[in-house]
file structure-v3.txt (compact mmCIF, C-alpha atoms and all ligand atoms)
# COMPACT_ATOMS: atom_id res chain seq x y z
CA MET M 1 11.30 14.80 -5.26
CA ALA M 2 9.32 17.87 -4.14
CA GLY M 3 6.15 18.14 -2.01
CA PRO M 4 5.09 16.79 1.37
CA ARG M 5 6.64 13.62 2.77
CA PRO M 6 5.07 10.49 1.19
CA VAL M 7 3.63 7.64 3.28
CA VAL M 8 4.27 3.97 2.56
CA PHE M 9 1.67 1.43 3.66
CA SER M 10 2.79 -2.16 3.86
CA GLY M 11 1.72 -5.36 5.57
CA PRO M 12 0.37 -8.78 4.66
CA SER M 13 -2.19 -9.15 1.90
CA GLY M 14 -5.59 -9.02 3.61
CA ALA M 15 -4.43 -7.00 6.64
CA GLY M 16 -6.66 -4.09 5.59
CA LYS M 17 -4.30 -1.60 3.90
CA SER M 18 -6.70 -0.69 1.06
CA THR M 19 -9.66 -0.46 3.45
CA LEU M 20 -7.80 1.97 5.71
CA LEU M 21 -6.15 4.06 3.04
CA LYS M 22 -9.37 4.46 1.04
CA LYS M 23 -11.08 5.74 4.21
CA LEU M 24 -8.18 8.12 4.81
CA ILE M 25 -8.19 9.52 1.28
CA LYS M 26 -11.98 9.88 1.26
CA GLU M 27 -11.95 11.87 4.48
CA HIS M 28 -8.95 14.01 3.42
CA GLU M 29 -9.16 14.30 -0.34
CA ASN M 30 -7.26 17.59 -0.42
CA VAL M 31 -4.45 16.15 1.67
CA PHE M 32 -3.67 12.65 0.33
CA GLY M 33 -3.27 11.24 -3.17
CA PHE M 34 -2.81 7.59 -4.11
CA SER M 35 0.18 6.43 -6.14
CA VAL M 36 -1.47 4.19 -8.74
CA SER M 37 0.80 1.18 -9.20
CA HIS M 38 1.20 -0.99 -12.26
CA THR M 39 0.39 -4.69 -12.06
CA THR M 40 0.19 -7.70 -14.32
CA ARG M 41 -2.62 -9.27 -12.27
CA ASN M 42 -6.18 -9.20 -13.58
CA PRO M 43 -8.59 -6.56 -12.24
CA ARG M 44 -11.00 -7.73 -9.52
CA PRO M 45 -14.72 -6.99 -9.83
CA GLY M 46 -15.22 -3.32 -9.01
CA GLU M 47 -11.61 -2.32 -9.68
CA GLU M 48 -10.93 0.32 -12.32
CA ASN M 49 -7.95 0.73 -14.63
CA GLY M 50 -6.07 3.94 -13.77
CA ARG M 51 -7.77 4.28 -10.36
CA ASP M 52 -6.86 1.08 -8.49
CA TYR M 53 -3.97 0.00 -10.72
CA HIS M 54 -2.66 0.38 -14.23
CA TYR M 55 -3.29 -3.15 -15.53
CA VAL M 56 -0.61 -4.14 -18.01
CA THR M 57 0.89 -7.19 -19.65
CA ARG M 58 4.09 -8.68 -18.31
CA GLU M 59 5.85 -7.76 -21.57
CA ALA M 60 4.79 -4.10 -21.37
CA MET M 61 5.69 -3.88 -17.68
CA GLN M 62 9.08 -5.52 -18.15
CA ALA M 63 9.87 -3.14 -21.04
CA ALA M 64 8.93 -0.11 -18.87
CA ILE M 65 11.07 -1.45 -15.99
CA ASN M 66 14.01 -1.93 -18.37
CA ASN M 67 13.44 1.62 -19.58
CA GLY M 68 13.95 2.97 -16.03
CA GLU M 69 10.34 4.12 -15.55
CA PHE M 70 9.89 2.56 -12.08
CA ILE M 71 11.05 3.64 -8.62
CA GLU M 72 10.60 0.06 -7.42
CA ASN M 73 9.07 -3.17 -8.62
CA ALA M 74 8.53 -6.66 -7.24
CA GLU M 75 7.12 -10.06 -8.06
CA PHE M 76 4.31 -10.95 -5.64
CA SER M 77 2.12 -14.05 -5.73
CA GLY M 78 3.00 -14.74 -9.37
CA ASN M 79 2.50 -11.20 -10.69
CA LEU M 80 4.61 -8.09 -11.22
CA TYR M 81 3.80 -4.91 -9.27
CA GLY M 82 5.58 -1.58 -9.39
CA THR M 83 5.54 2.11 -8.54
CA SER M 84 6.27 4.29 -11.55
CA LYS M 85 8.08 7.60 -11.22
CA ALA M 86 5.12 9.17 -13.05
CA ALA M 87 2.61 7.85 -10.46
CA VAL M 88 4.42 9.52 -7.58
CA GLN M 89 5.11 12.72 -9.52
CA ALA M 90 1.41 13.03 -10.45
CA VAL M 91 0.48 13.17 -6.75
CA GLN M 92 3.37 15.37 -5.69
CA ALA M 93 2.61 17.86 -8.48
CA LYS M 94 -0.71 18.52 -6.67
CA ASN M 95 1.17 19.14 -3.43
CA LEU M 96 -0.55 16.15 -1.78
CA ILE M 97 0.88 13.51 0.54
CA CYS M 98 1.60 10.60 -1.77
CA ILE M 99 0.37 7.23 -0.44
CA LEU M 100 2.10 4.07 -1.65
CA ASP M 101 0.59 0.63 -0.96
CA ILE M 102 3.47 -1.79 -1.49
CA ASP M 103 4.76 -5.17 -0.33
CA MET M 104 7.83 -5.79 1.81
CA GLN M 105 10.20 -6.09 -1.17
CA GLY M 106 8.96 -2.65 -2.22
CA VAL M 107 9.67 -1.28 1.26
CA LYS M 108 13.24 -2.57 1.11
CA ASN M 109 13.75 -1.10 -2.36
CA ILE M 110 12.19 2.28 -1.50
CA LYS M 111 14.63 2.50 1.42
CA LYS M 112 17.46 2.59 -1.16
CA THR M 113 15.94 5.65 -2.91
CA ASP M 114 15.74 9.34 -1.96
CA LEU M 115 11.92 9.28 -1.54
CA ASN M 116 12.22 9.47 2.28
CA PRO M 117 8.65 8.44 3.18
CA MET M 118 7.10 7.60 6.52
CA TYR M 119 6.71 3.79 6.76
CA ILE M 120 3.50 2.38 8.25
CA SER M 121 2.90 -1.32 8.76
CA ILE M 122 -0.69 -2.58 8.87
CA GLN M 123 -0.81 -5.90 10.70
CA PRO M 124 -3.65 -8.39 11.17
CA PRO M 125 -4.54 -9.41 14.75
CA SER M 126 -3.56 -13.04 13.95
CA MET M 127 -2.79 -15.33 11.02
CA GLU M 128 -6.14 -17.07 11.54
CA ILE M 129 -8.05 -13.80 11.19
CA LEU M 130 -5.91 -12.84 8.17
CA GLU M 131 -6.80 -16.10 6.42
CA LYS M 132 -10.49 -15.62 7.22
CA ARG M 133 -10.46 -12.05 5.85
CA LEU M 134 -8.72 -13.16 2.66
CA ARG M 135 -11.13 -16.08 2.18
CA ASP M 136 -14.18 -13.91 2.91
CA ARG M 137 -12.94 -11.27 0.41
CA ASN M 138 -13.47 -13.95 -2.23
CA THR M 139 -10.86 -12.59 -4.61
CA GLU M 140 -8.21 -15.31 -4.53
CA SER M 141 -7.89 -18.80 -5.92
CA GLU M 142 -6.71 -21.48 -3.49
CA GLU M 143 -3.24 -21.25 -5.09
CA SER M 144 -3.09 -17.44 -4.75
CA LEU M 145 -4.35 -17.69 -1.17
CA ARG M 146 -1.58 -20.17 -0.32
CA LYS M 147 1.10 -17.88 -1.83
CA ARG M 148 -0.28 -14.82 -0.03
CA LEU M 149 -0.38 -16.59 3.34
CA HIS M 150 3.18 -17.80 2.84
CA ALA M 151 4.30 -14.24 1.99
CA ALA M 152 2.38 -12.99 5.05
CA ASN M 153 4.37 -15.26 7.37
CA VAL M 154 7.65 -13.97 5.90
CA ASP M 155 6.43 -10.34 6.08
CA MET M 156 5.36 -10.61 9.71
CA GLU M 157 8.86 -11.80 10.64
CA LEU M 158 10.66 -9.14 8.56
CA SER M 159 8.48 -6.35 9.93
CA LYS M 160 9.84 -7.08 13.43
CA GLU M 161 13.31 -5.86 12.29
CA PRO M 162 14.10 -2.75 14.32
CA GLY M 163 13.72 0.44 12.26
CA MET M 164 11.83 -1.19 9.39
CA PHE M 165 8.63 0.78 10.16
CA ASP M 166 7.96 4.11 11.87
CA VAL M 167 4.48 3.06 12.95
CA VAL M 168 2.84 -0.35 13.39
CA ILE M 169 -0.95 -0.52 13.47
CA VAL M 170 -2.80 -3.71 14.34
CA ASN M 171 -6.05 -3.69 12.38
CA ASP M 172 -8.37 -5.58 14.73
CA ASN M 173 -11.34 -3.27 15.18
CA LEU M 174 -11.48 -1.11 12.03
CA GLU M 175 -12.56 2.13 13.72
CA ASP M 176 -9.82 1.83 16.37
CA ALA M 177 -7.18 1.12 13.71
CA TYR M 178 -8.37 4.10 11.66
CA LYS M 179 -8.24 6.37 14.71
CA ASN M 180 -4.66 5.25 15.41
CA LEU M 181 -3.71 5.81 11.79
CA LYS M 182 -5.08 9.35 11.77
CA GLN M 183 -3.27 10.07 15.02
CA ALA M 184 0.03 8.86 13.54
CA LEU M 185 -0.45 11.14 10.54
CA LEU M 186 -1.93 14.14 12.34
CA GLU M 187 1.20 16.30 12.18
CA GLU M 188 1.68 15.71 8.42
CA ILE M 189 -2.06 16.28 7.76
CA ASN M 190 -1.96 19.60 9.62
CA LYS M 191 1.19 20.70 7.77
CA VAL M 192 -0.48 20.17 4.39
CA LYS M 193 -3.73 21.82 5.50
CA LYS M 194 -1.73 24.84 6.68
CA THR M 195 0.10 25.24 3.37
CA LYS M 196 -3.22 24.97 1.50
CA THR M 197 -4.92 27.69 3.57
CA SER M 198 -1.93 30.04 3.38
CA SER M 199 -1.55 29.78 -0.42
N1 LIG M 201 -10.79 -4.36 10.84
C1 LIG M 201 -11.38 -5.20 10.01
N2 LIG M 201 -12.25 -6.10 10.46
C2 LIG M 201 -12.85 -6.99 9.62
N3 LIG M 201 -12.64 -7.05 8.29
C3 LIG M 201 -11.75 -6.16 7.79
C4 LIG M 201 -11.09 -5.21 8.60
N4 LIG M 201 -10.27 -4.47 7.81
C5 LIG M 201 -10.43 -4.95 6.55
N5 LIG M 201 -11.32 -5.96 6.53
C6 LIG M 201 -11.73 -6.77 5.37
O1 LIG M 201 -10.65 -7.66 5.11
C7 LIG M 201 -10.48 -7.86 3.71
C8 LIG M 201 -9.04 -7.47 3.33
O2 LIG M 201 -8.90 -6.06 3.45
P1 LIG M 201 -8.11 -5.23 2.34
O3 LIG M 201 -8.54 -5.66 0.98
O4 LIG M 201 -8.24 -3.81 2.70
O5 LIG M 201 -6.64 -5.76 2.63
P2 LIG M 201 -5.26 -5.35 1.95
O6 LIG M 201 -4.24 -5.34 3.02
O7 LIG M 201 -5.42 -4.11 1.16
O8 LIG M 201 -5.02 -6.59 0.98
P3 LIG M 201 -4.13 -6.68 -0.37
O9 LIG M 201 -2.74 -6.40 0.02
O10 LIG M 201 -4.37 -8.08 -0.84
O11 LIG M 201 -4.67 -5.65 -1.34
C9 LIG M 201 -11.54 -7.00 3.02
O12 LIG M 201 -12.62 -7.82 2.65
C10 LIG M 201 -11.92 -5.98 4.09
O13 LIG M 201 -13.27 -5.55 3.93
N1 LIG M 202 6.33 -3.66 -4.39
C1 LIG M 202 5.08 -3.31 -4.72
N2 LIG M 202 4.04 -3.95 -4.17
C2 LIG M 202 2.81 -3.55 -4.52
C3 LIG M 202 2.58 -2.50 -5.43
N3 LIG M 202 1.25 -2.34 -5.59
C4 LIG M 202 0.67 -3.24 -4.76
N4 LIG M 202 1.61 -3.96 -4.11
C5 LIG M 202 1.41 -5.02 -3.13
O1 LIG M 202 1.04 -6.21 -3.78
C6 LIG M 202 0.33 -7.03 -2.87
C7 LIG M 202 -0.87 -7.62 -3.54
O2 LIG M 202 -1.78 -6.62 -3.95
P1 LIG M 202 -3.22 -7.05 -4.53
O3 LIG M 202 -3.85 -5.74 -4.93
O4 LIG M 202 -2.99 -7.98 -5.65
O5 LIG M 202 -3.94 -7.71 -3.39
C8 LIG M 202 -0.04 -6.13 -1.67
O6 LIG M 202 0.82 -6.49 -0.60
C9 LIG M 202 0.30 -4.75 -2.15
O7 LIG M 202 0.75 -3.94 -1.08
C10 LIG M 202 3.70 -1.85 -5.99
O8 LIG M 202 3.62 -0.93 -6.81
N5 LIG M 202 4.91 -2.29 -5.61
call {"tool": "encode", "arguments": {"input": "structure-v3.txt", "output": "structure tokens"}}
result
Amino acid sequence: MAGPRPVVFSGPSGAGKSTLLKKLIKEHENVFGFSVSHTTRNPRPGEENGRDYHYVTREAMQAAINNGEFIENAEFSGNLYGTSKAAVQAVQAKNLICILDIDMQGVKNIKKTDLNPMYISIQPPSMEILEKRLRDRNTESEESLRKRLHAANVDMELSKEPGMFDVVIVNDNLEDAYKNLKQALLEEINKVKKTKTSS
């Protein structure tokens, strides 16, 4: 696929991926674009269809997967999630760095494709702090929280595999984590800015 090199964000649910990537896109709206995933989970208060996710039924999503419309898809905490080819193409058509926010299964599956992104892991400072952030976010049932914390334990182990991620950022203090993120992406940001000013 054409355009600048995409960036994959992964890491346990509650680690702060959305918080960091929203900040990044807001500060660099002519540089980054978000790949809007599909999901079968219900929207949270404040989320918008087509901006945060495309909210679909399991039947519709399964049919689209069977039809070859997805680059990757995964079952996470009882729901389907997936990156459509159209979502990535929509960002790349604008010559922006495409940001994907995906779970560890997605990372493994993207590695089998020709997307060739940079892989960034966002990690919580500890499991205790992760649980507190997820509880304080007030978006999960006790059952969903349990599943997400279980997945987080598995993710944290898998992310230690050498070569799995290009950059690991521990999101303890938000401003420090954001500064580290921008530093990791500085070269790619400058490349895109340069092509925009020369065209
Ligand atoms: N550095 C931080 N310090 C304290 N709270 C934070 C920090 N970063 C994020 N949070 C808060 O933690 C909660 C989880 O963050 P966020 O929703 O961004 O996580 P996420 O990794 O995108 O989760 P999910 O994968 O479930 O979408 C939010 O309420 C957010 O405001
Ligand atoms: N494999 C994929 N994982 C995805 C995708 N979109 C989001 N996600 C991941 O799901 C969990 C839960 O997200 P939430 O919004 O319900 O909290 C989180 O880890 C996301 O990174 C996707 O398209 N593919």
call {"tool": "atom_distance", "arguments": {"input": "structure-v3.txt", "atom1": "atom N4 of ligand LIG 201 (chain M)", "atom2": "CA of Asn109 in chain M"}}
result
26.3 Å
call {"tool": "residues_near_ligand", "arguments": {"input": "structure-v3.txt", "ligand": "ligand LIG 201 (chain M)", "cutoff": "7 Å", "atoms": "all atoms listed in the file", "output": "list in words"}}
result
Gly11, Pro12, Ser13, Gly14, Ala15, Gly16, Lys17, Ser18, Thr19, Leu20, Arg133, Leu134, Asp136, Arg137, Asn171, Asp172, Asn173 and Leu174 of chain M
call {"tool": "residues_around", "arguments": {"input": "structure-v3.txt", "residues": "Gly106 in chain M", "least_positions_apart": "3", "cutoff": "10 Å", "atoms": "all atoms listed in the file", "output": "CSV table (one decimal) with C-alpha atoms, keeping the file's coordinate frame"}}
result
chain,number,residue,atom,x,y,z
M,8,VAL,CA,4.3,4.0,2.6
M,10,SER,CA,2.8,-2.2,3.9
M,71,ILE,CA,11.0,3.6,-8.6
M,72,GLU,CA,10.6,0.1,-7.4
M,73,ASN,CA,9.1,-3.2,-8.6
M,74,ALA,CA,8.5,-6.7,-7.2
M,75,GLU,CA,7.1,-10.1,-8.1
M,81,TYR,CA,3.8,-4.9,-9.3
M,82,GLY,CA,5.6,-1.6,-9.4
M,83,THR,CA,5.5,2.1,-8.5
M,100,LEU,CA,2.1,4.1,-1.6
M,101,ASP,CA,0.6,0.6,-1.0
M,102,ILE,CA,3.5,-1.8,-1.5
M,103,ASP,CA,4.8,-5.2,-0.3
M,109,ASN,CA,13.8,-1.1,-2.4
M,110,ILE,CA,12.2,2.3,-1.5
M,111,LYS,CA,14.6,2.5,1.4
call {"tool": "closest_residue", "arguments": {"input": "structure-v3.txt", "among": "M:Gln92, M:Ala63, M:Ile120, M:Ile25", "to": "ligand LIG 202 (chain M)", "atoms": "only C-alpha atoms and all ligand atoms"}}
result
M:Ile120
call {"tool": "residues_near_point", "arguments": {"input": "structure-v3.txt", "point": "(6.4, -10.4, 9.4)", "cutoff": "12 Å", "atoms": "only C-alpha atoms", "output": "number ranges by chain"}}
result
M: 10-13, 15, 103-104, 121-124, 126-127, 149-162, 164-165, 168
call {"tool": "closest_atom_pairs", "arguments": {"input": "structure-v3.txt", "of": "range 60-138 of chain M", "to": "range 27-39 of chain M", "cutoff": "7 Å", "atoms": "only C-alpha atoms", "output": "Markdown table"}}
result
| residue | atom | partner | partner_atom | distance |
| --- | --- | --- | --- | --- |
| M:Asn79 | CA | M:Thr39 | CA | 7.0 |
| M:Leu80 | CA | M:Thr39 | CA | 5.5 |
| M:Tyr81 | CA | M:Thr39 | CA | 4.4 |
| M:Gly82 | CA | M:His38 | CA | 5.3 |
| M:Thr83 | CA | M:Ser37 | CA | 4.9 |
| M:Ser84 | CA | M:Ser37 | CA | 6.7 |
| M:Ala87 | CA | M:Ser35 | CA | 5.2 |
| M:Val88 | CA | M:Ser35 | CA | 5.4 |
| M:Val91 | CA | M:Gly33 | CA | 5.5 |
| M:Leu96 | CA | M:Phe32 | CA | 5.1 |
| M:Ile97 | CA | M:Phe32 | CA | 4.6 |
| M:Cys98 | CA | M:Gly33 | CA | 5.1 |
| M:Ile99 | CA | M:Phe34 | CA | 4.9 |
| M:Leu100 | CA | M:Ser35 | CA | 5.4 |
call {"tool": "atom_distance", "arguments": {"input": "structure-v3.txt", "atom1": "CA of Lys85 in chain M", "atom2": "CA of Glu69 in chain M"}}
result
6.0 Å
call {"tool": "decode", "arguments": {"input": "structure-v3.txt", "residues": "range 147-171 of chain M", "atoms": "N, CA, C and O atoms", "output": "JSON list (two decimals), in the first residue's frame"}}
result
[["chain", "number", "residue", "atom", "x", "y", "z"],
["M", 147, "LYS", "N", -12.04, -10.01, 31.96],
["M", 147, "LYS", "CA", -11.49, -10.51, 30.69],
["M", 147, "LYS", "C", -10.33, -9.63, 30.22],
["M", 147, "LYS", "O", -9.33, -10.11, 29.72],
["M", 148, "ARG", "N", -10.50, -8.30, 30.37],
["M", 148, "ARG", "CA", -9.48, -7.37, 29.91],
["M", 148, "ARG", "C", -8.20, -7.51, 30.75],
["M", 148, "ARG", "O", -7.09, -7.43, 30.22],
["M", 149, "LEU", "N", -8.36, -7.72, 32.05],
["M", 149, "LEU", "CA", -7.16, -7.87, 32.90],
["M", 149, "LEU", "C", -6.46, -9.19, 32.61],
["M", 149, "LEU", "O", -5.22, -9.26, 32.61],
["M", 150, "HIS", "N", -7.23, -10.21, 32.30],
["M", 150, "HIS", "CA", -6.63, -11.49, 31.91],
["M", 150, "HIS", "C", -5.83, -11.32, 30.62],
["M", 150, "HIS", "O", -4.67, -11.73, 30.52],
["M", 151, "ALA", "N", -6.46, -10.66, 29.63],
["M", 151, "ALA", "CA", -5.78, -10.41, 28.34],
["M", 151, "ALA", "C", -4.53, -9.56, 28.56],
["M", 151, "ALA", "O", -3.50, -9.76, 27.89],
["M", 152, "ALA", "N", -4.61, -8.62, 29.50],
["M", 152, "ALA", "CA", -3.47, -7.73, 29.77],
["M", 152, "ALA", "C", -2.26, -8.53, 30.27],
["M", 152, "ALA", "O", -1.13, -8.29, 29.85],
["M", 153, "ASN", "N", -2.53, -9.51, 31.15],
["M", 153, "ASN", "CA", -1.43, -10.34, 31.66],
["M", 153, "ASN", "C", -0.76, -11.10, 30.52],
["M", 153, "ASN", "O", 0.47, -11.18, 30.45],
["M", 154, "VAL", "N", -1.57, -11.66, 29.62],
["M", 154, "VAL", "CA", -1.03, -12.41, 28.47],
["M", 154, "VAL", "C", -0.23, -11.46, 27.57],
["M", 154, "VAL", "O", 0.89, -11.76, 27.16],
["M", 155, "ASP", "N", -0.82, -10.29, 27.30],
["M", 155, "ASP", "CA", -0.17, -9.28, 26.42],
["M", 155, "ASP", "C", 1.19, -8.85, 26.95],
["M", 155, "ASP", "O", 2.15, -8.73, 26.20],
["M", 156, "MET", "N", 1.23, -8.59, 28.26],
["M", 156, "MET", "CA", 2.48, -8.09, 28.87],
["M", 156, "MET", "C", 3.59, -9.13, 28.70],
["M", 156, "MET", "O", 4.74, -8.78, 28.47],
["M", 157, "GLU", "N", 3.24, -10.41, 28.78],
["M", 157, "GLU", "CA", 4.24, -11.47, 28.59],
["M", 157, "GLU", "C", 4.68, -11.52, 27.13],
["M", 157, "GLU", "O", 5.86, -11.52, 26.82],
["M", 158, "LEU", "N", 3.67, -11.52, 26.20],
["M", 158, "LEU", "CA", 3.99, -11.63, 24.77],
["M", 158, "LEU", "C", 4.82, -10.44, 24.28],
["M", 158, "LEU", "O", 5.67, -10.59, 23.40],
["M", 159, "SER", "N", 4.56, -9.26, 24.86],
["M", 159, "SER", "CA", 5.24, -8.06, 24.36],
["M", 159, "SER", "C", 6.73, -8.07, 24.72],
["M", 159, "SER", "O", 7.49, -7.29, 24.19],
["M", 160, "LYS", "N", 7.12, -8.99, 25.61],
["M", 160, "LYS", "CA", 8.55, -9.10, 25.96],
["M", 160, "LYS", "C", 9.32, -9.87, 24.89],
["M", 160, "LYS", "O", 10.54, -9.88, 24.88],
["M", 161, "GLU", "N", 8.61, -10.55, 23.97],
["M", 161, "GLU", "CA", 9.28, -11.32, 22.91],
["M", 161, "GLU", "C", 10.18, -10.39, 22.10],
["M", 161, "GLU", "O", 9.69, -9.35, 21.62],
["M", 162, "PRO", "N", 11.46, -10.74, 21.94],
["M", 162, "PRO", "CA", 12.36, -9.85, 21.21],
["M", 162, "PRO", "C", 11.82, -9.58, 19.79],
["M", 162, "PRO", "O", 11.36, -10.48, 19.11],
["M", 163, "GLY", "N", 11.86, -8.32, 19.38],
["M", 163, "GLY", "CA", 11.46, -7.96, 18.02],
["M", 163, "GLY", "C", 9.97, -7.73, 17.83],
["M", 163, "GLY", "O", 9.53, -7.35, 16.74],
["M", 164, "MET", "N", 9.18, -7.97, 18.87],
["M", 164, "MET", "CA", 7.72, -7.80, 18.72],
["M", 164, "MET", "C", 7.38, -6.32, 18.49],
["M", 164, "MET", "O", 6.53, -6.00, 17.69],
["M", 165, "PHE", "N", 8.06, -5.41, 19.24],
["M", 165, "PHE", "CA", 7.80, -3.97, 19.10],
["M", 165, "PHE", "C", 9.09, -3.21, 18.81],
["M", 165, "PHE", "O", 10.16, -3.58, 19.27],
["M", 166, "ASP", "N", 8.94, -2.13, 18.04],
["M", 166, "ASP", "CA", 10.09, -1.26, 17.76],
["M", 166, "ASP", "C", 10.35, -0.33, 18.93],
["M", 166, "ASP", "O", 11.49, 0.04, 19.20],
["M", 167, "VAL", "N", 9.25, 0.09, 19.58],
["M", 167, "VAL", "CA", 9.35, 1.06, 20.67],
["M", 167, "VAL", "C", 8.40, 0.63, 21.79],
["M", 167, "VAL", "O", 7.26, 0.24, 21.51],
["M", 168, "VAL", "N", 8.87, 0.70, 23.03],
["M", 168, "VAL", "CA", 8.01, 0.42, 24.18],
["M", 168, "VAL", "C", 7.94, 1.70, 25.03],
["M", 168, "VAL", "O", 8.98, 2.25, 25.40],
["M", 169, "ILE", "N", 6.73, 2.16, 25.29],
["M", 169, "ILE", "CA", 6.56, 3.37, 26.10],
["M", 169, "ILE", "C", 5.75, 3.03, 27.34],
["M", 169, "ILE", "O", 4.64, 2.48, 27.23],
["M", 170, "VAL", "N", 6.32, 3.32, 28.50],
["M", 170, "VAL", "CA", 5.58, 3.10, 29.75],
["M", 170, "VAL", "C", 4.82, 4.39, 30.05],
["M", 170, "VAL", "O", 5.42, 5.45, 30.22],
["M", 171, "ASN", "N", 3.50, 4.26, 30.08],
["M", 171, "ASN", "CA", 2.65, 5.44, 30.29],
["M", 171, "ASN", "C", 2.37, 5.62, 31.79],
["M", 171, "ASN", "O", 1.32, 5.22, 32.28]]
